[in-house]
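Here is structure.pdb, consisting of PDB, C-alpha atoms:
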ATOM      1  CA  MET A   1    -110.681-201.842 -25.016
ATOM      2  CA  THR A   2    -109.528-201.550 -21.445
ATOM      3  CA  GLU A   3    -111.453-199.667 -18.771
ATOM      4  CA  SER A   4    -108.687-197.047 -18.538
ATOM      5  CA  SER A   5    -108.923-196.278 -22.266
ATOM      6  CA  ASN A   6    -112.689-195.859 -21.950
ATOM      7  CA  GLN A   7    -112.149-193.319 -19.167
ATOM      8  CA  ALA A   8    -109.503-191.337 -21.050
ATOM      9  CA  PRO A   9    -111.909-188.970 -22.898
ATOM     10  CA  GLU A  10    -113.757-188.227 -19.666
ATOM     11  CA  ILE A  11    -110.510-187.496 -17.823
ATOM     12  CA  GLU A  12    -109.334-185.218 -20.627
ATOM     13  CA  TYR A  13    -112.667-183.373 -20.658
ATOM     14  CA  GLU A  14    -112.513-182.826 -16.899
ATOM     15  CA  ARG A  15    -108.951-181.549 -17.138
ATOM     16  CA  SER A  16    -109.917-179.144 -19.928
ATOM     17  CA  ARG A  17    -112.918-177.941 -17.937
ATOM     18  CA  LYS A  18    -110.767-177.238 -14.893
ATOM     19  CA  VAL A  19    -108.247-175.291 -16.966
ATOM     20  CA  GLU A  20    -110.986-173.143 -18.506
ATOM     21  CA  GLN A  21    -112.625-172.590 -15.115
ATOM     22  CA  ASN A  22    -109.362-171.474 -13.508
ATOM     23  CA  LYS A  23    -108.632-169.158 -16.418
ATOM     24  CA  LEU A  24    -112.054-167.522 -16.178
ATOM     25  CA  GLN A  25    -111.814-167.242 -12.404
ATOM     26  CA  LYS A  26    -108.488-165.431 -12.685
ATOM     27  CA  ARG A  27    -109.921-163.052 -15.278
ATOM     28  CA  LEU A  28    -113.047-162.274 -13.254
ATOM     29  CA  ARG A  29    -111.016-161.915 -10.078
ATOM     30  CA  ARG A  30    -108.594-159.540 -11.790
ATOM     31  CA  GLU A  31    -111.415-157.434 -13.243
ATOM     32  CA  ALA A  32    -113.293-157.285  -9.938
ATOM     33  CA  GLY A  33    -110.129-156.385  -8.076
ATOM     34  CA  GLN A  34    -109.429-153.588 -10.554
ATOM     35  CA  ALA A  35    -112.966-152.235 -10.292
ATOM     36  CA  ILE A  36    -112.819-152.331  -6.493
ATOM     37  CA  ALA A  37    -109.522-150.428  -6.552
ATOM     38  CA  ASP A  38    -110.561-147.897  -9.223
ATOM     39  CA  PHE A  39    -113.774-146.919  -7.453
ATOM     40  CA  SER A  40    -112.770-147.526  -3.802
ATOM     41  CA  MET A  41    -115.626-149.993  -3.467
ATOM     42  CA  ILE A  42    -114.417-151.860  -0.387
ATOM     43  CA  GLU A  43    -112.440-150.432   2.523
ATOM     44  CA  ALA A  44    -111.022-151.835   5.726
ATOM     45  CA  GLY A  45    -113.737-152.873   8.165
ATOM     46  CA  ASP A  46    -116.563-152.853   5.617
ATOM     47  CA  LYS A  47    -119.494-155.173   6.069
ATOM     48  CA  VAL A  48    -120.487-156.130   2.524
ATOM     49  CA  MET A  49    -123.936-157.532   1.837
ATOM     50  CA  CYS A  50    -123.996-159.690  -1.307
ATOM     51  CA  CYS A  51    -127.501-159.670  -2.730
ATOM     52  CA  LEU A  52    -128.283-163.056  -4.250
ATOM     53  CA  SER A  53    -131.157-163.556  -6.658
ATOM     54  CA  GLY A  54    -130.303-167.114  -7.606
ATOM     55  CA  GLY A  55    -129.080-165.973 -11.025
ATOM     56  CA  LYS A  56    -125.660-166.499 -12.594
ATOM     57  CA  ASP A  57    -124.434-162.947 -11.956
ATOM     58  CA  SER A  58    -124.997-162.840  -8.204
ATOM     59  CA  TYR A  59    -123.596-166.354  -7.751
ATOM     60  CA  ALA A  60    -120.448-165.345  -9.634
ATOM     61  CA  MET A  61    -120.125-162.112  -7.662
ATOM     62  CA  LEU A  62    -120.276-163.908  -4.320
ATOM     63  CA  ASP A  63    -117.836-166.560  -5.535
ATOM     64  CA  ILE A  64    -115.304-163.971  -6.709
ATOM     65  CA  LEU A  65    -115.631-161.789  -3.587
ATOM     66  CA  LEU A  66    -115.087-164.809  -1.346
ATOM     67  CA  ASN A  67    -112.009-165.611  -3.391
ATOM     68  CA  LEU A  68    -110.713-162.040  -3.185
ATOM     69  CA  GLN A  69    -111.407-161.855   0.551
ATOM     70  CA  LYS A  70    -108.768-164.512   1.205
ATOM     71  CA  SER A  71    -105.914-162.390  -0.122
ATOM     72  CA  ALA A  72    -107.243-158.841   0.093
ATOM     73  CA  PRO A  73    -104.879-156.239   1.599
ATOM     74  CA  VAL A  74    -107.713-155.073   3.878
ATOM     75  CA  SER A  75    -110.050-157.035   6.117
ATOM     76  CA  PHE A  76    -113.769-156.934   5.321
ATOM     77  CA  GLU A  77    -116.832-159.018   6.174
ATOM     78  CA  LEU A  78    -119.163-160.727   3.722
ATOM     79  CA  ILE A  79    -122.757-161.771   4.303
ATOM     80  CA  ALA A  80    -125.231-163.128   1.753
ATOM     81  CA  VAL A  81    -128.863-162.039   1.558
ATOM     82  CA  ASN A  82    -131.696-163.358  -0.584
ATOM     83  CA  LEU A  83    -135.143-161.829  -0.873
ATOM     84  CA  ASP A  84    -137.784-164.562  -1.196
ATOM     85  CA  GLN A  85    -140.542-162.696  -3.029
ATOM     86  CA  LYS A  86    -142.972-165.612  -2.768
ATOM     87  CA  GLN A  87    -143.116-166.370  -6.457
ATOM     88  CA  PRO A  88    -145.146-169.528  -7.117
ATOM     89  CA  GLY A  89    -142.891-172.531  -7.420
ATOM     90  CA  PHE A  90    -139.800-170.752  -6.086
ATOM     91  CA  PRO A  91    -137.422-173.493  -4.842
ATOM     92  CA  GLU A  92    -136.784-171.940  -1.453
ATOM     93  CA  GLU A  93    -134.488-174.739  -0.293
ATOM     94  CA  ILE A  94    -131.763-174.207  -2.935
ATOM     95  CA  LEU A  95    -130.056-171.037  -1.713
ATOM     96  CA  PRO A  96    -130.024-171.927   2.011
ATOM     97  CA  GLY A  97    -128.464-175.282   1.150
ATOM     98  CA  TYR A  98    -125.862-173.728  -1.137
ATOM     99  CA  LEU A  99    -124.930-170.967   1.328
ATOM    100  CA  ALA A 100    -124.798-173.349   4.287
ATOM    101  CA  ASP A 101    -122.272-175.458   2.387
ATOM    102  CA  LEU A 102    -120.153-172.341   1.804
ATOM    103  CA  GLY A 103    -120.120-171.613   5.523
ATOM    104  CA  ILE A 104    -120.992-167.939   5.004
ATOM    105  CA  GLU A 105    -123.429-165.967   7.147
ATOM    106  CA  TYR A 106    -126.665-165.636   5.218
ATOM    107  CA  HIS A 107    -130.192-164.298   5.630
ATOM    108  CA  ILE A 108    -133.385-165.122   3.733
ATOM    109  CA  ILE A 109    -135.877-162.236   3.808
ATOM    110  CA  GLU A 110    -139.452-163.303   3.115
ATOM    111  CA  ARG A 111    -141.739-160.658   1.598
ATOM    112  CA  ASP A 112    -144.691-161.267  -0.701
ATOM    113  CA  THR A 113    -143.867-158.652  -3.325
ATOM    114  CA  TYR A 114    -145.062-161.045  -6.036
ATOM    115  CA  SER A 115    -148.718-160.470  -5.141
ATOM    116  CA  ILE A 116    -148.217-156.698  -5.071
ATOM    117  CA  VAL A 117    -146.593-156.666  -8.517
ATOM    118  CA  LYS A 118    -149.247-158.919 -10.077
ATOM    119  CA  ASP A 119    -151.986-156.758  -8.567
ATOM    120  CA  LYS A 120    -150.536-153.399  -9.639
ATOM    121  CA  VAL A 121    -149.082-154.187 -13.081
ATOM    122  CA  PRO A 122    -151.570-154.852 -15.922
ATOM    123  CA  GLU A 123    -151.281-158.211 -17.663
ATOM    124  CA  GLY A 124    -148.654-158.150 -20.396
ATOM    125  CA  LYS A 125    -146.827-155.088 -19.061
ATOM    126  CA  THR A 126    -143.248-155.191 -17.820
ATOM    127  CA  THR A 127    -143.064-155.985 -14.113
ATOM    128  CA  CYS A 128    -139.337-155.268 -13.678
ATOM    129  CA  GLY A 129    -139.696-151.596 -12.668
ATOM    130  CA  LEU A 130    -142.070-152.057  -9.724
ATOM    131  CA  CYS A 131    -140.451-155.346  -8.715
ATOM    132  CA  SER A 132    -136.987-153.776  -8.519
ATOM    133  CA  ARG A 133    -138.221-150.749  -6.541
ATOM    134  CA  LEU A 134    -139.918-152.943  -3.947
ATOM    135  CA  ARG A 135    -136.887-155.210  -3.735
ATOM    136  CA  ARG A 136    -134.499-152.284  -3.397
ATOM    137  CA  GLY A 137    -136.456-150.713  -0.548
ATOM    138  CA  ILE A 138    -136.553-153.965   1.421
ATOM    139  CA  LEU A 139    -132.834-154.619   0.944
ATOM    140  CA  TYR A 140    -131.888-151.028   1.809
ATOM    141  CA  ASN A 141    -133.825-151.213   5.073
ATOM    142  CA  PHE A 142    -132.304-154.586   5.955
ATOM    143  CA  ALA A 143    -128.804-153.254   5.308
ATOM    144  CA  GLU A 144    -129.297-150.294   7.624
ATOM    145  CA  GLU A 145    -130.769-152.464  10.377
ATOM    146  CA  HIS A 146    -127.823-154.905  10.245
ATOM    147  CA  GLY A 147    -124.912-152.477  10.114
ATOM    148  CA  VAL A 148    -124.101-153.130   6.456
ATOM    149  CA  THR A 149    -121.748-150.537   4.950
ATOM    150  CA  LYS A 150    -121.797-151.702   1.310
ATOM    151  CA  ILE A 151    -124.525-153.414  -0.718
ATOM    152  CA  ALA A 152    -123.015-155.520  -3.521
ATOM    153  CA  LEU A 153    -125.065-156.184  -6.656
ATOM    154  CA  GLY A 154    -124.153-158.508  -9.519
ATOM    155  CA  HIS A 155    -124.519-156.080 -12.433
ATOM    156  CA  HIS A 156    -121.808-156.500 -15.063
ATOM    157  CA  ARG A 157    -120.359-154.476 -17.936
ATOM    158  CA  ASP A 158    -123.148-155.447 -20.339
ATOM    159  CA  ASP A 159    -125.780-154.309 -17.824
ATOM    160  CA  LEU A 160    -124.135-150.884 -17.630
ATOM    161  CA  LEU A 161    -124.055-150.527 -21.418
ATOM    162  CA  GLU A 162    -127.615-151.803 -21.855
ATOM    163  CA  THR A 163    -128.849-149.307 -19.258
ATOM    164  CA  LEU A 164    -127.041-146.491 -21.059
ATOM    165  CA  PHE A 165    -128.842-147.310 -24.314
ATOM    166  CA  LEU A 166    -132.190-147.864 -22.598
ATOM    167  CA  ASN A 167    -131.969-144.402 -21.058
ATOM    168  CA  MET A 168    -130.995-142.838 -24.390
ATOM    169  CA  PHE A 169    -133.597-144.669 -26.477
ATOM    170  CA  TYR A 170    -136.538-144.563 -24.086
ATOM    171  CA  GLY A 171    -135.745-142.049 -21.339
ATOM    172  CA  GLY A 172    -133.996-139.205 -23.104
ATOM    173  CA  LYS A 173    -131.147-139.264 -20.589
ATOM    174  CA  LEU A 174    -127.443-139.940 -20.835
ATOM    175  CA  LYS A 175    -126.877-142.097 -17.754
ATOM    176  CA  THR A 176    -126.286-145.655 -16.666
ATOM    177  CA  MET A 177    -125.642-147.712 -13.514
ATOM    178  CA  PRO A 178    -122.558-146.318 -11.774
ATOM    179  CA  PRO A 179    -120.047-148.797 -10.292
ATOM    180  CA  VAL A 180    -120.636-147.070  -6.932
ATOM    181  CA  LEU A 181    -123.877-145.356  -5.956
ATOM    182  CA  HIS A 182    -124.567-143.449  -2.751
ATOM    183  CA  SER A 183    -128.286-143.241  -1.999
ATOM    184  CA  ASP A 184    -129.797-139.758  -1.854
ATOM    185  CA  ASP A 185    -130.601-140.068   1.847
ATOM    186  CA  GLY A 186    -127.034-141.138   2.646
ATOM    187  CA  ARG A 187    -128.131-144.392   4.253
ATOM    188  CA  ASN A 188    -126.672-146.863   1.779
ATOM    189  CA  THR A 189    -123.806-147.362  -0.643
ATOM    190  CA  VAL A 190    -124.298-149.743  -3.562
ATOM    191  CA  ILE A 191    -121.293-151.314  -5.283
ATOM    192  CA  ARG A 192    -121.033-153.346  -8.484
ATOM    193  CA  PRO A 193    -117.797-155.379  -8.330
ATOM    194  CA  LEU A 194    -118.454-157.033 -11.720
ATOM    195  CA  ALA A 195    -118.691-153.678 -13.541
ATOM    196  CA  TYR A 196    -115.657-154.535 -15.707
ATOM    197  CA  SER A 197    -116.701-158.120 -16.513
ATOM    198  CA  ARG A 198    -118.418-159.394 -19.648
ATOM    199  CA  GLU A 199    -121.715-161.241 -19.351
ATOM    200  CA  LYS A 200    -120.563-164.079 -21.597
ATOM    201  CA  ASP A 201    -117.568-164.722 -19.314
ATOM    202  CA  ILE A 202    -119.829-164.777 -16.262
ATOM    203  CA  ALA A 203    -122.315-167.088 -17.987
ATOM    204  CA  ARG A 204    -119.597-169.548 -18.934
ATOM    205  CA  TYR A 205    -118.046-169.398 -15.463
ATOM    206  CA  ALA A 206    -121.429-170.103 -13.867
ATOM    207  CA  GLU A 207    -121.856-173.072 -16.180
ATOM    208  CA  LEU A 208    -118.432-174.469 -15.328
ATOM    209  CA  ARG A 209    -118.938-173.935 -11.592
ATOM    210  CA  GLN A 210    -122.389-175.516 -11.858
ATOM    211  CA  PHE A 211    -124.125-172.911  -9.732
ATOM    212  CA  PRO A 212    -127.704-173.960  -8.848
ATOM    213  CA  ILE A 213    -129.411-171.326 -10.999
ATOM    214  CA  ILE A 214    -132.956-170.296 -10.055
ATOM    215  CA  PRO A 215    -134.912-168.729 -12.970
ATOM    216  CA  CYS A 216    -137.103-165.687 -12.387
ATOM    217  CA  ASN A 217    -140.641-166.855 -13.119
ATOM    218  CA  LEU A 218    -142.130-163.445 -12.397
ATOM    219  CA  CYS A 219    -140.701-161.637 -15.407
ATOM    220  CA  GLY A 220    -138.359-164.068 -17.137
ATOM    221  CA  SER A 221    -141.059-165.324 -19.474
ATOM    222  CA  GLN A 222    -142.065-161.879 -20.731
ATOM    223  CA  VAL A 223    -141.192-161.390 -24.379
ATOM    224  CA  ASN A 224    -140.085-158.251 -26.208
ATOM    225  CA  LEU A 225    -138.724-156.579 -23.113
ATOM    226  CA  GLN A 226    -136.836-153.420 -24.061
ATOM    227  CA  ARG A 227    -133.667-154.635 -22.352
ATOM    228  CA  GLN A 228    -133.786-157.897 -24.282
ATOM    229  CA  VAL A 229    -133.955-155.965 -27.554
ATOM    230  CA  ILE A 230    -130.821-154.018 -26.563
ATOM    231  CA  LYS A 231    -129.096-157.221 -25.439
ATOM    232  CA  GLU A 232    -129.734-158.890 -28.783
ATOM    233  CA  MET A 233    -128.417-155.816 -30.596
ATOM    234  CA  PHE A 234    -125.197-155.984 -28.543
ATOM    235  CA  GLN A 235    -124.786-159.682 -29.244
ATOM    236  CA  GLU A 236    -125.013-159.011 -32.967
ATOM    237  CA  TRP A 237    -122.491-156.171 -32.703
ATOM    238  CA  ASP A 238    -120.120-158.357 -30.720
ATOM    239  CA  LYS A 239    -120.172-160.947 -33.511
ATOM    240  CA  GLN A 240    -119.887-158.552 -36.438
ATOM    241  CA  HIS A 241    -117.711-155.847 -34.886
ATOM    242  CA  PRO A 242    -115.330-157.305 -32.267
ATOM    243  CA  GLY A 243    -114.109-154.647 -29.861
ATOM    244  CA  ARG A 244    -117.086-152.324 -30.286
ATOM    245  CA  LEU A 245    -118.525-153.057 -26.843
ATOM    246  CA  GLU A 246    -115.116-152.570 -25.237
ATOM    247  CA  SER A 247    -114.811-149.195 -26.957
ATOM    248  CA  MET A 248    -118.309-148.221 -25.837
ATOM    249  CA  PHE A 249    -117.540-149.105 -22.243
ATOM    250  CA  GLY A 250    -114.300-147.133 -22.476
ATOM    251  CA  ALA A 251    -116.403-144.108 -23.434
ATOM    252  CA  LEU A 252    -118.245-144.345 -20.103
ATOM    253  CA  ARG A 253    -114.889-143.757 -18.412
ATOM    254  CA  ASN A 254    -113.789-140.964 -20.738
ATOM    255  CA  VAL A 255    -116.520-138.310 -20.604
ATOM    256  CA  GLU A 256    -116.012-134.753 -21.862
ATOM    257  CA  PRO A 257    -118.887-132.613 -20.522
ATOM    258  CA  SER A 258    -117.878-129.658 -22.692
ATOM    259  CA  HIS A 259    -118.612-131.720 -25.788
ATOM    260  CA  LEU A 260    -122.147-132.629 -24.782
ATOM    261  CA  ALA A 261    -125.078-130.223 -24.470
ATOM    262  CA  ASP A 262    -126.103-130.075 -20.820
ATOM    263  CA  THR A 263    -126.052-126.448 -19.647
ATOM    264  CA  SER A 264    -126.563-127.523 -16.045
ATOM    265  CA  LEU A 265    -123.383-129.598 -16.228
ATOM    266  CA  TYR A 266    -121.121-127.215 -18.093
ATOM    267  CA  ASP A 267    -120.915-123.435 -18.466
ATOM    268  CA  PHE A 268    -121.144-122.723 -22.179
ATOM    269  CA  GLY A 269    -121.245-118.959 -21.655
ATOM    270  CA  GLY A 270    -117.521-118.456 -21.806
ATOM    271  CA  GLY A 271    -116.198-117.641 -18.357
ATOM    272  CA  LYS A 272    -113.110-119.496 -17.196
ATOM    273  CA  ARG A 273    -114.046-122.767 -18.888
ATOM    274  CA  PRO A 274    -114.689-122.371 -22.628
ATOM    275  CA  ALA A 275    -117.057-124.937 -24.088
ATOM    276  CA  VAL A 276    -114.826-125.669 -27.076
ATOM    277  CA  GLN A 277    -111.212-126.706 -26.797
ATOM    278  CA  THR A 278    -109.379-124.906 -29.617
ATOM    279  CA  ALA A 279    -105.824-126.126 -29.145
ATOM    280  CA  ILE A 280    -103.720-128.689 -27.336
ATOM    281  CA  PRO A 281    -100.841-127.132 -25.341
ATOM    282  CA  MET A 282     -97.468-127.923 -26.884
ATOM    283  CA  GLN A 283     -96.207-129.694 -23.776
ATOM    284  CA  GLU A 284     -99.191-132.059 -23.928
ATOM    285  CA  ALA A 285     -98.911-132.848 -27.633
ATOM    286  CA  ASP A 286     -96.786-135.963 -27.228
ATOM    287  CA  GLN A 287     -99.021-137.360 -24.498
ATOM    288  CA  ASN A 288    -102.182-136.904 -26.557
ATOM    289  CA  PHE A 289    -100.832-137.990 -29.928
ATOM    290  CA  GLY A 290    -102.348-141.467 -29.707
ATOM    291  CA  ARG A 291    -105.778-140.239 -28.701
ATOM    292  CA  LEU A 292    -108.430-140.279 -31.398
ATOM    293  CA  ASP A 293    -111.223-137.733 -31.201
ATOM    294  CA  VAL A 294    -112.705-134.934 -33.275
ATOM    295  CA  LEU A 295    -110.044-132.493 -32.114
ATOM    296  CA  ASN A 296    -106.979-134.307 -33.417
ATOM    297  CA  ILE A 297    -108.106-136.479 -36.325
TER
END

The structure in this file should be written as C-alpha cells.
Amino acid sequence: MTESSNQAPEIEYERSRKVEQNKLQKRLRREAGQAIADFSMIEAGDKVMCCLSGGKDSYAMLDILLNLQKSAPVSFELIAVNLDQKQPGFPEEILPGYLADLGIEYHIIERDTYSIVKDKVPEGKTTCGLCSRLRRGILYNFAEEHGVTKIALGHHRDDLLETLFLNMFYGGKLKTMPPVLHSDDGRNTVIRPLAYSREKDIARYAELRQFPIIPCNLCGSQVNLQRQVIKEMFQEWDKQHPGRLESMFGALRNVEPSHLADTSLYDFGGGKRPAVQTAIPMQEADQNFGRLDVLNI
C-alpha cells in the first residue's frame, strides 16, 4: 500500500470531525444569539465578564461569545476571569496559557476558598453550596471594581431544568436559574448565554475543540450528589422519551400563574383577574387551536 492510501482514513476522519464541529458551532451560536436577543442579555457598550472554571461549559461559552462578537450588531467588550481557589493539584498554568493564546484580556483571582470549605463542611457532605456562595461573592466584587456590566456564566438548558427539579424535590419551591438575574443590591447582572443549549451538544463540542478541561477535585469526586441523581434521571428520559426535555424547558417559558397555587403571585379572590379561565374569546379561537392544555383538550 502507498503512503497516501494509509493516510486516507485519517484524512477522512479529520474532515468528518471538522464538519461535525462546524455544525455544532453553528447550532450553539444560533441558540446563544437567540437567548441573548430574547432576554436582552448584551447591549451596546457592555463589558461582559466570562467566568471560566476550566470546565466544558465555560470554555464553550467563551468560544461562542468570541465568535458572536465578530458579527454582533452592537459593540461589546469581553474579558475572561478565573477564580483560583487553591485546590491541591490545580494546574494553574493551563488557563493563563489558553487565554494568552486567544489574545483576550484575562484575570486570575487567587483566593484560598478551598481551605474554608474543607474546614466548614463536614466530611462526606456536599461542598457545592458553600463553595458557590464564596465564589459568587468574590466574582461579584471583582466585577464591580472593574466596571463590568454583565457577568456571564456557562449554565445550559440542562442546568436550568435540573435546578427546577432540585428546588421542587428538596426545597419545596417552583424556581430555577433565570437566563438573566439582577442581584438584589442592584450591583450586578448575571447572564446565561447557553440557556437554550443542550449539555450533550456542549460536551461534544468541547471534545471536538479539544478544550483543556480542568476537573474540579474539590467536589467532583463526591458520589450521590442530588444534582447527579436528577441528571441521571434526565439522561434516562432523553433515551426513552425523546422530546420530553424540550417540552419541559418549553414549560419554563410558558407559565400560567393562575393555574398554580401561589396566593402572593396571583389574586384568587375574584377581583379583575379570575383565577380560572372559563372560556376562550371567539376571536382568539383560531390562534389557540393548536395549543394543548387542560382548557382545550

> Which distance in Å separates CA of Gln21 (chain A) and CA of Gln228 (chain A), to one decimal?
Replying inline: 27.3 Å

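Of the listed residues (A:Phe165, A:Tyr13, A:Phe268, A:Phe211), A:Phe211 comes nearest to Tyr98 (chain A); the distances count all atoms listed in the file.
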
>> Under the rule that all atoms listed in the file are counted, which of A:Ile202, A:Val148, A:Leu68, A:Leu194 is the nearest residue to Pro178 (chain A)?
In response: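 Nearest to Pro178 (chain A): A:Leu194.
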
> Can you list what the PyMOL selection byres ((chain A and resi 49) around 6) grabs from this structure, as number ranges by chain?
Replying inline: A: 48, 50, 79-80, 151-152

> Which one is closest to Tyr59 (chain A): A:Asn82, A:Ser40, A:Asn22, A:Gln240? Count all atoms listed in the file.
Replying inline: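 Closest to Tyr59 (chain A), using all atoms listed in the file: A:Asn82.
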
> What is the distance between CA of His156 (chain A) and CA of Cys131 (chain A), in Å to one decimal?
Replying inline: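 Answer for the CA of His156 (chain A) to CA of Cys131 (chain A) separation: 19.7 Å.
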
>> Applying the PyMOL selection byres ((chain A and resi 154) around 6) to the file I just gave you, which residues come out? Please list them as a PyMOL selection string.
In response: chain A and resi 57-58+61+153+155
